[in-house]
>>> print(open('structure09.txt').read())   # compact mmCIF, C-alpha atoms
# COMPACT_ATOMS: atom_id res chain seq x y z
CA MET A 1 34.04 10.38 -19.86
CA ARG A 2 31.75 8.75 -22.41
CA SER A 3 30.78 12.16 -23.82
CA ARG A 4 34.48 13.00 -24.25
CA PHE A 5 35.06 9.82 -26.23
CA GLN A 6 32.03 10.65 -28.36
CA PHE A 7 33.43 14.15 -28.98
CA VAL A 8 36.74 12.67 -30.16
CA ASP A 9 34.89 10.29 -32.47
CA ASP A 10 32.71 13.08 -33.88
CA HIS A 11 35.75 15.23 -34.76
CA ARG A 12 38.38 12.64 -35.71
CA ASP A 13 38.02 13.46 -39.42
CA THR A 14 38.94 17.08 -38.73
CA TYR A 15 41.68 16.71 -36.10
CA GLU A 16 44.13 14.01 -35.07
CA VAL A 17 42.86 11.59 -32.45
CA LYS A 18 46.09 12.05 -30.51
CA ARG A 19 45.63 15.83 -30.35
CA LEU A 20 41.94 15.57 -29.43
CA CYS A 21 42.75 13.19 -26.59
CA GLN A 22 45.44 15.53 -25.29
CA VAL A 23 43.13 18.54 -25.32
CA LEU A 24 40.31 16.64 -23.62
CA ASP A 25 42.71 14.92 -21.17
CA VAL A 26 41.63 11.38 -22.03
CA ASN A 27 43.73 8.30 -22.56
CA ARG A 28 44.04 7.41 -26.24
CA SER A 29 44.03 3.65 -25.55
CA SER A 30 40.85 4.07 -23.50
CA TYR A 31 39.25 5.85 -26.45
CA TYR A 32 40.11 2.98 -28.82
CA LYS A 33 38.79 0.50 -26.27
CA TRP A 34 35.53 2.47 -26.09
CA LEU A 35 35.40 2.58 -29.89
CA ALA A 36 35.90 -1.19 -30.17
CA GLY A 37 32.97 -1.84 -27.84
CA ARG A 38 30.59 0.53 -29.61
CA THR A 39 29.03 -2.14 -31.81
CA ALA A 40 28.33 -4.35 -28.80
CA ARG A 41 26.84 -1.39 -26.91
CA THR A 42 24.63 -0.46 -29.83
CA LEU A 43 23.40 -4.04 -30.08
CA ARG A 44 22.76 -4.21 -26.32
CA GLN A 45 20.86 -0.93 -26.37
CA ARG A 46 18.71 -2.20 -29.25
CA GLU A 47 18.01 -5.43 -27.36
CA ASP A 48 17.15 -3.42 -24.24
CA ARG A 49 14.64 -1.34 -26.22
CA LEU A 50 13.01 -4.49 -27.57
CA LEU A 51 12.91 -6.01 -24.08
CA ALA A 52 11.41 -2.79 -22.72
CA GLU A 53 8.53 -3.15 -25.19
CA ARG A 54 7.88 -6.70 -23.98
CA ILE A 55 8.05 -5.50 -20.37
CA ARG A 56 5.61 -2.66 -21.08
CA GLU A 57 3.20 -5.20 -22.59
CA VAL A 58 3.31 -7.34 -19.44
CA HIS A 59 3.11 -4.21 -17.29
CA ARG A 60 -0.05 -3.09 -19.10
CA GLU A 61 -1.61 -6.56 -18.78
CA SER A 62 -1.01 -6.41 -15.03
CA ALA A 63 -2.60 -2.94 -14.86
CA GLY A 64 0.78 -1.52 -13.88
CA ALA A 65 1.06 -3.83 -10.87
CA TYR A 66 3.99 -6.14 -11.60
CA GLY A 67 7.54 -5.44 -10.47
CA SER A 68 10.62 -7.13 -11.90
CA PRO A 69 10.12 -10.59 -10.26
CA ARG A 70 6.59 -11.07 -11.65
CA VAL A 71 7.46 -9.47 -14.98
CA THR A 72 10.37 -11.92 -15.29
CA ALA A 73 8.12 -14.88 -14.52
CA GLU A 74 5.57 -13.71 -17.08
CA LEU A 75 8.21 -13.23 -19.78
CA ARG A 76 9.61 -16.70 -19.11
CA ASP A 77 6.12 -18.16 -19.44
CA LYS A 78 5.94 -16.43 -22.83
CA GLY A 79 9.12 -18.24 -23.88
CA LEU A 80 11.66 -15.46 -23.35
CA ARG A 81 14.91 -16.46 -21.61
CA VAL A 82 15.79 -13.53 -19.38
CA ASN A 83 17.02 -13.03 -15.81
CA GLU A 84 15.47 -10.78 -13.19
CA LYS A 85 18.54 -8.53 -12.81
CA ARG A 86 18.34 -7.54 -16.47
CA VAL A 87 14.59 -6.97 -16.28
CA ALA A 88 15.05 -4.77 -13.20
CA ARG A 89 17.81 -2.78 -14.95
CA VAL A 90 15.73 -2.22 -18.08
CA MET A 91 12.69 -1.23 -15.99
CA ARG A 92 14.82 1.37 -14.19
CA THR A 93 16.32 2.64 -17.44
CA PHE A 94 12.95 3.05 -19.13
CA SER A 95 11.14 4.28 -15.98
CA ILE A 96 8.69 1.36 -15.80
CA THR A 97 7.63 1.52 -12.16
CA GLY A 98 4.76 0.82 -9.78
CA ILE A 99 2.82 3.29 -7.66
CA ARG A 100 3.16 3.84 -3.91
CA LEU A 101 0.29 3.85 -1.45
CA ARG A 102 -1.09 6.92 0.26
CA ARG A 103 -1.89 7.36 3.94
CA ARG A 104 -3.59 4.59 5.92
CA LEU A 105 -6.83 4.76 7.86
CA ARG A 106 -7.17 2.90 11.13
CA THR A 107 -9.59 -0.04 10.86
CA THR A 108 -8.50 -2.11 13.88
CA VAL A 109 -10.23 -1.00 17.07
CA PRO A 110 -9.82 -3.57 19.89
CA ASP A 111 -12.77 -4.51 22.09
CA PRO A 112 -11.55 -4.38 25.72
CA THR A 113 -14.37 -6.68 26.84
CA ALA A 114 -13.58 -9.47 24.34
CA SER A 115 -12.39 -12.82 25.66
CA THR A 116 -8.74 -13.84 25.16
CA VAL A 117 -7.99 -15.76 21.96
CA PRO A 118 -4.55 -17.45 21.58
CA ASP A 119 -2.16 -16.81 18.69
CA LEU A 120 -2.04 -20.17 16.90
CA PHE A 121 -0.13 -18.80 13.90
CA GLN A 122 2.91 -17.19 15.56
CA ARG A 123 3.48 -15.26 12.31
CA ASP A 124 3.55 -18.46 10.24
CA PHE A 125 1.23 -17.65 7.32
CA THR A 126 1.95 -20.85 5.40
CA ALA A 127 0.00 -24.11 5.19
CA THR A 128 0.84 -27.55 3.86
CA GLU A 129 -2.60 -28.09 2.33
CA PRO A 130 -5.62 -25.98 1.36
CA GLY A 131 -8.52 -25.40 3.72
CA ARG A 132 -6.61 -25.76 6.99
CA LYS A 133 -5.46 -22.22 7.83
CA TYR A 134 -7.25 -18.99 6.94
CA MET A 135 -6.57 -15.37 7.77
CA GLY A 136 -8.66 -12.24 7.52
CA ASP A 137 -8.62 -8.48 7.90
CA ILE A 138 -10.55 -5.27 7.14
CA THR A 139 -9.37 -2.40 4.98
CA TYR A 140 -10.92 0.91 3.92
CA LEU A 141 -11.76 1.86 0.31
CA PRO A 142 -11.76 5.65 -0.21
CA LEU A 143 -14.62 7.18 -2.20
CA GLU A 144 -15.23 10.66 -3.54
CA ASN A 145 -16.29 13.41 -1.11
CA GLY A 146 -14.27 11.85 1.73
CA GLU A 147 -16.57 8.82 2.19
CA PHE A 148 -15.48 5.18 2.52
CA LEU A 149 -16.50 1.61 1.87
CA TYR A 150 -14.92 -1.21 3.89
CA LEU A 151 -13.67 -4.57 2.64
CA ALA A 152 -13.29 -7.71 4.75
CA THR A 153 -11.42 -10.64 3.22
CA VAL A 154 -10.64 -14.27 4.03
CA LEU A 155 -7.45 -15.73 2.54
CA ASP A 156 -6.38 -19.37 2.42
CA CYS A 157 -2.81 -19.56 3.73
CA PHE A 158 -1.96 -22.44 1.39
CA SER A 159 -2.24 -20.50 -1.87
CA ARG A 160 -3.15 -17.01 -0.58
CA LYS A 161 -6.42 -17.34 -2.49
CA ALA A 162 -9.19 -14.92 -1.56
CA VAL A 163 -11.97 -17.38 -0.73
CA GLY A 164 -14.34 -14.91 0.95
CA TRP A 165 -14.97 -11.19 0.98
CA SER A 166 -17.58 -8.61 1.85
CA ILE A 167 -17.91 -4.89 1.03
CA ALA A 168 -20.14 -2.50 3.02
CA ASN A 169 -20.39 1.14 4.02
CA HIS A 170 -19.86 0.21 7.69
CA MET A 171 -17.54 -1.82 9.91
CA ARG A 172 -20.16 -3.67 11.91
CA THR A 173 -19.68 -7.34 12.73
CA SER A 174 -21.82 -8.41 9.76
CA LEU A 175 -18.98 -7.21 7.49
CA VAL A 176 -16.65 -9.96 8.72
CA THR A 177 -19.31 -12.64 9.25
CA ASP A 178 -20.50 -12.22 5.65
CA ALA A 179 -16.92 -12.70 4.41
CA LEU A 180 -16.49 -15.85 6.51
CA ARG A 181 -19.83 -17.25 5.33
CA MET A 182 -18.73 -16.73 1.72
CA ALA A 183 -15.50 -18.59 2.48
CA GLY A 184 -17.53 -21.47 3.89
CA ALA A 185 -19.72 -21.58 0.78
CA THR A 186 -16.69 -21.36 -1.53
CA ARG A 187 -14.93 -24.22 0.23
CA ASP A 188 -18.06 -26.27 0.95
CA GLY A 189 -17.43 -25.93 4.69
CA LEU A 190 -14.67 -24.78 7.04
CA ASP A 191 -14.90 -27.50 9.67
CA GLY A 192 -11.57 -28.20 11.39
CA SER A 193 -9.82 -25.09 10.09
CA VAL A 194 -8.16 -22.21 11.96
CA PHE A 195 -8.99 -18.56 11.25
CA HIS A 196 -6.47 -15.87 12.22
CA SER A 197 -7.17 -12.14 12.58
CA ASP A 198 -6.10 -9.03 14.46
CA HIS A 199 -7.86 -7.78 17.59
CA GLY A 200 -10.49 -5.70 15.81
CA ALA A 201 -13.75 -5.48 17.72
CA GLN A 202 -15.59 -7.24 14.88
CA TYR A 203 -13.41 -10.36 15.19
CA GLY A 204 -13.64 -10.30 18.99
CA SER A 205 -17.43 -10.03 19.02
CA ARG A 206 -19.77 -12.67 20.38
CA ALA A 207 -21.54 -12.90 17.01
CA PHE A 208 -18.31 -13.73 15.18
CA ALA A 209 -17.29 -16.27 17.82
CA ASP A 210 -20.71 -17.94 17.53
CA LEU A 211 -20.38 -18.17 13.73
CA CYS A 212 -16.94 -19.74 14.06
CA ASP A 213 -18.40 -22.31 16.46
CA GLN A 214 -21.22 -23.08 14.00
CA LEU A 215 -18.73 -23.55 11.15
CA GLY A 216 -16.28 -25.60 13.22
CA VAL A 217 -13.58 -22.93 13.01
CA THR A 218 -10.96 -22.36 15.71
CA ARG A 219 -10.09 -18.69 16.21
CA SER A 220 -6.57 -17.29 16.42
CA MET A 221 -5.46 -13.71 17.08
CA GLY A 222 -2.13 -11.90 17.08
CA ALA A 223 -0.96 -9.56 19.81
CA VAL A 224 -2.76 -6.24 20.32
CA GLY A 225 -1.15 -3.51 18.22
CA ALA A 226 1.30 -5.88 16.47
CA SER A 227 0.62 -5.43 12.76
CA ALA A 228 3.28 -8.02 11.88
CA ASP A 229 1.06 -10.69 13.47
CA ASN A 230 -1.33 -10.28 10.53
CA ALA A 231 1.21 -9.03 7.98
CA ALA A 232 0.15 -11.26 5.09
CA CYS A 233 -3.35 -9.79 5.06
CA GLU A 234 -2.02 -6.25 5.30
CA ILE A 235 0.27 -6.90 2.32
CA PHE A 236 -2.68 -8.31 0.36
CA HIS A 237 -4.79 -5.21 1.00
CA ALA A 238 -1.85 -2.91 0.23
CA SER A 239 -1.42 -4.64 -3.15
CA LEU A 240 -5.13 -4.37 -3.88
CA LYS A 241 -5.22 -0.61 -3.30
CA ARG A 242 -1.93 0.07 -5.03
CA GLU A 243 -2.99 -1.82 -8.14
CA THR A 244 -6.58 -0.58 -8.33
CA LEU A 245 -6.14 3.04 -7.27
CA GLN A 246 -2.90 3.45 -9.27
CA GLY A 247 -2.08 6.72 -7.57
CA ALA A 248 -5.63 8.13 -7.51
CA ARG A 249 -7.02 9.49 -4.25
CA ASP A 250 -10.29 7.56 -4.43
CA TYR A 251 -12.37 5.11 -6.46
CA GLY A 252 -15.08 7.61 -7.32
CA ASP A 253 -18.60 6.44 -6.49
CA ALA A 254 -19.51 3.30 -4.55
CA GLY A 255 -20.66 1.34 -7.61
CA THR A 256 -17.38 1.93 -9.42
CA CYS A 257 -15.47 0.94 -6.30
CA ARG A 258 -17.33 -2.35 -5.92
CA ARG A 259 -16.87 -3.28 -9.59
CA THR A 260 -13.18 -2.38 -9.55
CA VAL A 261 -12.43 -4.37 -6.41
CA PHE A 262 -14.46 -7.39 -7.56
CA ALA A 263 -12.61 -7.42 -10.90
CA TRP A 264 -9.25 -7.27 -9.10
CA LEU A 265 -10.16 -10.08 -6.68
CA THR A 266 -11.19 -12.26 -9.61
CA ARG A 267 -7.98 -11.50 -11.47
CA TYR A 268 -5.93 -11.99 -8.30
CA ASN A 269 -7.24 -15.53 -7.86
CA THR A 270 -7.03 -16.57 -11.49
CA ARG A 271 -4.15 -14.67 -13.10
CA ARG A 272 -2.07 -12.48 -10.79
CA ARG A 273 1.29 -14.01 -9.98
CA HIS A 274 2.14 -14.35 -6.28
CA SER A 275 5.70 -14.52 -4.97
CA ALA A 276 4.68 -16.91 -2.16
CA ASN A 277 3.43 -19.35 -4.84
CA GLY A 278 6.59 -19.37 -6.91
CA HIS A 279 5.02 -16.66 -9.10
CA LEU A 280 1.91 -18.70 -9.88
CA SER A 281 -1.60 -17.37 -9.32
CA PRO A 282 -3.48 -18.85 -6.32
CA ASN A 283 -5.61 -21.06 -8.58
CA GLU A 284 -2.60 -22.21 -10.63
CA HIS A 285 -0.65 -22.97 -7.48
CA ARG A 286 -3.39 -25.20 -6.10
CA HIS A 287 -3.82 -27.03 -9.42
CA HIS A 288 -0.06 -27.45 -9.79
CA THR A 289 0.24 -28.86 -6.27
CA ALA A 290 -2.69 -31.22 -6.87
CA LYS A 291 -0.99 -32.59 -9.98
CA LEU A 292 2.25 -33.16 -8.08
CA THR A 293 0.32 -34.97 -5.33
CA LEU A 294 -1.39 -37.25 -7.87
CA ALA A 295 1.90 -37.93 -9.62
CA ALA A 296 3.50 -38.95 -6.32
>>> encode(input="structure09.txt", output="structure tokens")
Amino acid sequence: MRSRFQFVDDHRDTYEVKRLCQVLDVNRSSYYKWLAGRTARTLRQREDRLLAERIREVHRESAGAYGSPRVTAELRDKGLRVNEKRVARVMRTFSITGIRLRRRLRTTVPDPTASTVPDLFQRDFTATEPGRKYMGDITYLPLENGEFLYLATVLDCFSRKAVGWSIANHMRTSLVTDALRMAGATRDGLDGSVFHSDHGAQYGSRAFADLCDQLGVTRSMGAVGASADNAACEIFHASLKRETLQGARDYGDAGTCRRTVFAWLTRYNTRRRHSANGHLSPNEHRHHTAKLTLAA
């Protein structure tokens, strides 16, 4: 219909509007209504183009990672008054989108001989203060020639901060113990905290249980085969690979992979906005909460 109105407008100096509307089977009053709103539409389209440029700037700064909620939060921080629905509409109109993940590789292999560990989380991945609840998981990092590195992480449930991680070319127990040791060093101890994981053999090993005992950590595990019982970690790893691979099949060589993942983890903690933190980065969320606590 819009193209018909435009045709009438383009030829109104040559033919009568009434006749054009009859030939094209459009309502003349509807044409005049469309004509009256043209200035507003032109202005809105111009504003949308300007907003799209601001969105592209934020999108580039996030390495193509942010969707409309985080883009909106970033724009508001920059002083622009805009709502998420408009940002989402403009992103769709100008094809500003993220990248989907490729196939998954299985990294959780249960150890049938491991002792039973209770689920102390019950799918509650939140915490009222930092350093009380942690969660961890392993994910694969694809390299060229079909090879892999493996990443183990430890996240603080309070702010979703990555407080420990380890990258290796194997999935032996040392992969997860190294990540937990880093978390202990980062937080100056883990005594009295709870660590939640899936039923991977590494987390069910005697060596990992001994380390948890040494650090004063109580273990927690979800049900066997229930990915939702460790969903927050899986989402974290999915975001990491989506935002670092950006549609590529692999990271290239091992050195490039390590540097890329380390840079993302650093940015994640310090700058990347997290929906669970009210679109603040993990570090900003903790500092913001600390200020509120002092003020109270």
>>> closest_atom_pairs(input="structure09.txt", of="segment 126-177 of chain A", to="segment 227-244 of chain A", cutoff="12 Å", atoms="all atoms listed in the file", output="tab-separated table")
residue	atom	partner	partner_atom	distance
A:Thr126	CA	A:Ala232	CA	9.8
A:Tyr134	CA	A:Cys233	CA	10.2
A:Met135	CA	A:Cys233	CA	7.0
A:Gly136	CA	A:Cys233	CA	6.3
A:Asp137	CA	A:Cys233	CA	6.1
A:Ile138	CA	A:His237	CA	8.4
A:Thr139	CA	A:His237	CA	6.7
A:Tyr140	CA	A:His237	CA	9.1
A:Leu141	CA	A:Lys241	CA	7.9
A:Pro142	CA	A:Lys241	CA	9.6
A:Tyr150	CA	A:His237	CA	11.3
A:Leu151	CA	A:His237	CA	9.1
A:Ala152	CA	A:His237	CA	9.6
A:Thr153	CA	A:Cys233	CA	8.3
A:Val154	CA	A:Cys233	CA	8.6
A:Leu155	CA	A:Cys233	CA	7.6
A:Asp156	CA	A:Cys233	CA	10.4
A:Cys157	CA	A:Ala232	CA	8.9
A:Phe158	CA	A:Ala232	CA	12.0
A:Ser159	CA	A:Ala232	CA	11.8
A:Arg160	CA	A:Ala232	CA	8.7
A:Lys161	CA	A:Phe236	CA	10.2
A:Ala162	CA	A:Phe236	CA	9.5
A:Trp165	CA	A:His237	CA	11.8
>>> closest_atom_pairs(input="structure09.txt", of="segment 30-143 of chain A", to="segment 14-24 of chain A", cutoff="12 Å", atoms="only C-alpha atoms", output="CSV")
residue,atom,partner,partner_atom,distance
A:Ser30,CA,A:Cys21,CA,9.8
A:Tyr31,CA,A:Cys21,CA,8.1
A:Tyr32,CA,A:Val17,CA,9.7
A:Leu35,CA,A:Val17,CA,12.0
>>> write_last_selection(input="structure09.txt", atoms="C-alpha atoms", output="PDB file, keeping the file's coordinate frame")
ATOM      1  CA  SER A  30      40.850   4.070 -23.500  1.00  0.00           C
ATOM      2  CA  TYR A  31      39.250   5.850 -26.450  1.00  0.00           C
ATOM      3  CA  TYR A  32      40.110   2.980 -28.820  1.00  0.00           C
ATOM      4  CA  LEU A  35      35.400   2.580 -29.890  1.00  0.00           C
TER       5      LEU A  35
END
>>> atom_distance(input="structure09.txt", atom1="atom CA of Arg172 of chain A", atom2="atom CA of Gln202 of chain A")
6.5 Å
>>> closest_residue(input="structure09.txt", among="A:Arg28, A:Ser275, A:Phe7, A:Phe148", to="Met171 of chain A", atoms="only C-alpha atoms")
A:Phe148
>>> atom_distance(input="structure09.txt", atom1="atom CA of Arg181 of chain A", atom2="atom CA of Leu211 of chain A")
8.5 Å
>>> residues_around(input="structure09.txt", residues="Thr266 of chain A", least_positions_apart="3", cutoff="12 Å", atoms="all atoms listed in the file", output="MDAnalysis selection string")
chainID A and resid 161:165 240 259:263 269:272 281:283
>>> closest_residue(input="structure09.txt", among="A:Ala248, A:Val71, A:Met221, A:Leu50", to="Ser197 of chain A", atoms="only C-alpha atoms")
A:Met221
>>> residues_near_point(input="structure09.txt", point="(-12.2, -19.2, 11.1)", cutoff="9 Å", atoms="all atoms listed in the file", output="list in words")
Lys133, Tyr134, Met135, Gly136, Val154, Leu180, Leu190, Asp191, Ser193, Val194, Phe195, His196, Ser197, Ala209, Leu211, Cys212, Asp213, Leu215, Gly216, Val217, Thr218, Arg219 and Ser220 of chain A
>>> atom_distance(input="structure09.txt", atom1="atom CA of Pro118 of chain A", atom2="atom CA of Gly222 of chain A")
7.5 Å
>>> closest_residue(input="structure09.txt", among="A:Leu280, A:Ala88, A:Ala73, A:Cys257", to="Glu147 of chain A", atoms="all atoms listed in the file")
A:Cys257
>>> residues_around(input="structure09.txt", residues="segment 76-85 of chain A", least_positions_apart="4", cutoff="12 Å", atoms="only C-alpha atoms", output="count of residues only")
21
>>> build_atoms(input="structure09.txt", residues="segment 10-40 of chain A", atoms="N, CA and C atoms", output="PDB file, keeping the file's coordinate frame")
ATOM      1  N   ASP A  10      33.445  12.178 -32.987  1.00  0.00           N
ATOM      2  CA  ASP A  10      32.710  13.080 -33.880  1.00  0.00           C
ATOM      3  C   ASP A  10      33.647  13.992 -34.672  1.00  0.00           C
ATOM      4  N   HIS A  11      34.855  14.258 -34.128  1.00  0.00           N
ATOM      5  CA  HIS A  11      35.750  15.230 -34.760  1.00  0.00           C
ATOM      6  C   HIS A  11      37.053  14.622 -35.266  1.00  0.00           C
ATOM      7  N   ARG A  12      37.145  13.308 -35.321  1.00  0.00           N
ATOM      8  CA  ARG A  12      38.380  12.640 -35.710  1.00  0.00           C
ATOM      9  C   ARG A  12      38.722  12.864 -37.184  1.00  0.00           C
ATOM     10  N   ASP A  13      37.732  13.185 -38.009  1.00  0.00           N
ATOM     11  CA  ASP A  13      38.020  13.460 -39.420  1.00  0.00           C
ATOM     12  C   ASP A  13      38.586  14.856 -39.627  1.00  0.00           C
ATOM     13  N   THR A  14      38.440  15.697 -38.624  1.00  0.00           N
ATOM     14  CA  THR A  14      38.940  17.080 -38.730  1.00  0.00           C
ATOM     15  C   THR A  14      40.270  17.257 -38.023  1.00  0.00           C
ATOM     16  N   TYR A  15      40.453  16.593 -36.891  1.00  0.00           N
ATOM     17  CA  TYR A  15      41.680  16.710 -36.100  1.00  0.00           C
ATOM     18  C   TYR A  15      42.236  15.325 -35.792  1.00  0.00           C
ATOM     19  N   GLU A  16      43.514  15.273 -35.453  1.00  0.00           N
ATOM     20  CA  GLU A  16      44.130  14.010 -35.070  1.00  0.00           C
ATOM     21  C   GLU A  16      43.534  13.501 -33.760  1.00  0.00           C
ATOM     22  N   VAL A  17      43.373  12.193 -33.686  1.00  0.00           N
ATOM     23  CA  VAL A  17      42.860  11.590 -32.450  1.00  0.00           C
ATOM     24  C   VAL A  17      43.804  11.881 -31.292  1.00  0.00           C
ATOM     25  N   LYS A  18      45.103  11.801 -31.554  1.00  0.00           N
ATOM     26  CA  LYS A  18      46.090  12.050 -30.510  1.00  0.00           C
ATOM     27  C   LYS A  18      45.916  13.444 -29.925  1.00  0.00           C
ATOM     28  N   ARG A  19      45.764  14.453 -30.810  1.00  0.00           N
ATOM     29  CA  ARG A  19      45.630  15.830 -30.350  1.00  0.00           C
ATOM     30  C   ARG A  19      44.324  16.038 -29.593  1.00  0.00           C
ATOM     31  N   LEU A  20      43.238  15.458 -30.095  1.00  0.00           N
ATOM     32  CA  LEU A  20      41.940  15.570 -29.430  1.00  0.00           C
ATOM     33  C   LEU A  20      41.999  14.977 -28.018  1.00  0.00           C
ATOM     34  N   CYS A  21      42.649  13.845 -27.899  1.00  0.00           N
ATOM     35  CA  CYS A  21      42.750  13.190 -26.590  1.00  0.00           C
ATOM     36  C   CYS A  21      43.584  14.039 -25.619  1.00  0.00           C
ATOM     37  N   GLN A  22      44.633  14.671 -26.145  1.00  0.00           N
ATOM     38  CA  GLN A  22      45.440  15.530 -25.290  1.00  0.00           C
ATOM     39  C   GLN A  22      44.648  16.726 -24.787  1.00  0.00           C
ATOM     40  N   VAL A  23      43.909  17.366 -25.685  1.00  0.00           N
ATOM     41  CA  VAL A  23      43.130  18.540 -25.320  1.00  0.00           C
ATOM     42  C   VAL A  23      42.048  18.197 -24.301  1.00  0.00           C
ATOM     43  N   LEU A  24      41.416  17.044 -24.498  1.00  0.00           N
ATOM     44  CA  LEU A  24      40.310  16.640 -23.620  1.00  0.00           C
ATOM     45  C   LEU A  24      40.781  15.868 -22.389  1.00  0.00           C
ATOM     46  N   ASP A  25      42.123  15.619 -22.310  1.00  0.00           N
ATOM     47  CA  ASP A  25      42.710  14.920 -21.170  1.00  0.00           C
ATOM     48  C   ASP A  25      42.104  13.523 -20.979  1.00  0.00           C
ATOM     49  N   VAL A  26      42.081  12.773 -22.092  1.00  0.00           N
ATOM     50  CA  VAL A  26      41.630  11.380 -22.030  1.00  0.00           C
ATOM     51  C   VAL A  26      42.726  10.481 -22.578  1.00  0.00           C
ATOM     52  N   ASN A  27      42.729   9.273 -22.119  1.00  0.00           N
ATOM     53  CA  ASN A  27      43.730   8.300 -22.560  1.00  0.00           C
ATOM     54  C   ASN A  27      43.356   7.780 -23.943  1.00  0.00           C
ATOM     55  N   ARG A  28      44.346   7.821 -24.878  1.00  0.00           N
ATOM     56  CA  ARG A  28      44.040   7.410 -26.240  1.00  0.00           C
ATOM     57  C   ARG A  28      43.674   5.924 -26.316  1.00  0.00           C
ATOM     58  N   SER A  29      44.345   5.088 -25.537  1.00  0.00           N
ATOM     59  CA  SER A  29      44.030   3.650 -25.550  1.00  0.00           C
ATOM     60  C   SER A  29      42.620   3.394 -25.019  1.00  0.00           C
ATOM     61  N   SER A  30      42.212   4.199 -24.041  1.00  0.00           N
ATOM     62  CA  SER A  30      40.850   4.070 -23.500  1.00  0.00           C
ATOM     63  C   SER A  30      39.825   4.443 -24.561  1.00  0.00           C
ATOM     64  N   TYR A  31      40.154   5.467 -25.371  1.00  0.00           N
ATOM     65  CA  TYR A  31      39.250   5.850 -26.450  1.00  0.00           C
ATOM     66  C   TYR A  31      39.075   4.712 -27.446  1.00  0.00           C
ATOM     67  N   TYR A  32      40.198   4.068 -27.834  1.00  0.00           N
ATOM     68  CA  TYR A  32      40.110   2.980 -28.820  1.00  0.00           C
ATOM     69  C   TYR A  32      39.369   1.767 -28.233  1.00  0.00           C
ATOM     70  N   LYS A  33      39.536   1.573 -26.929  1.00  0.00           N
ATOM     71  CA  LYS A  33      38.790   0.500 -26.270  1.00  0.00           C
ATOM     72  C   LYS A  33      37.290   0.794 -26.298  1.00  0.00           C
ATOM     73  N   TRP A  34      36.944   2.051 -26.016  1.00  0.00           N
ATOM     74  CA  TRP A  34      35.530   2.470 -26.090  1.00  0.00           C
ATOM     75  C   TRP A  34      34.999   2.312 -27.493  1.00  0.00           C
ATOM     76  N   LEU A  35      35.811   2.680 -28.488  1.00  0.00           N
ATOM     77  CA  LEU A  35      35.400   2.580 -29.890  1.00  0.00           C
ATOM     78  C   LEU A  35      35.157   1.122 -30.289  1.00  0.00           C
ATOM     79  N   ALA A  36      36.029   0.225 -29.819  1.00  0.00           N
ATOM     80  CA  ALA A  36      35.900  -1.190 -30.170  1.00  0.00           C
ATOM     81  C   ALA A  36      34.624  -1.800 -29.604  1.00  0.00           C
ATOM     82  N   GLY A  37      34.182  -1.273 -28.456  1.00  0.00           N
ATOM     83  CA  GLY A  37      32.970  -1.840 -27.840  1.00  0.00           C
ATOM     84  C   GLY A  37      31.680  -1.176 -28.278  1.00  0.00           C
ATOM     85  N   ARG A  38      31.783  -0.220 -29.217  1.00  0.00           N
ATOM     86  CA  ARG A  38      30.590   0.530 -29.610  1.00  0.00           C
ATOM     87  C   ARG A  38      29.541  -0.353 -30.279  1.00  0.00           C
ATOM     88  N   THR A  39      29.973  -1.256 -31.117  1.00  0.00           N
ATOM     89  CA  THR A  39      29.030  -2.140 -31.810  1.00  0.00           C
ATOM     90  C   THR A  39      28.250  -2.991 -30.815  1.00  0.00           C
ATOM     91  N   ALA A  40      28.992  -3.526 -29.823  1.00  0.00           N
ATOM     92  CA  ALA A  40      28.330  -4.350 -28.800  1.00  0.00           C
ATOM     93  C   ALA A  40      27.350  -3.513 -27.991  1.00  0.00           C
TER      94      ALA A  40
END
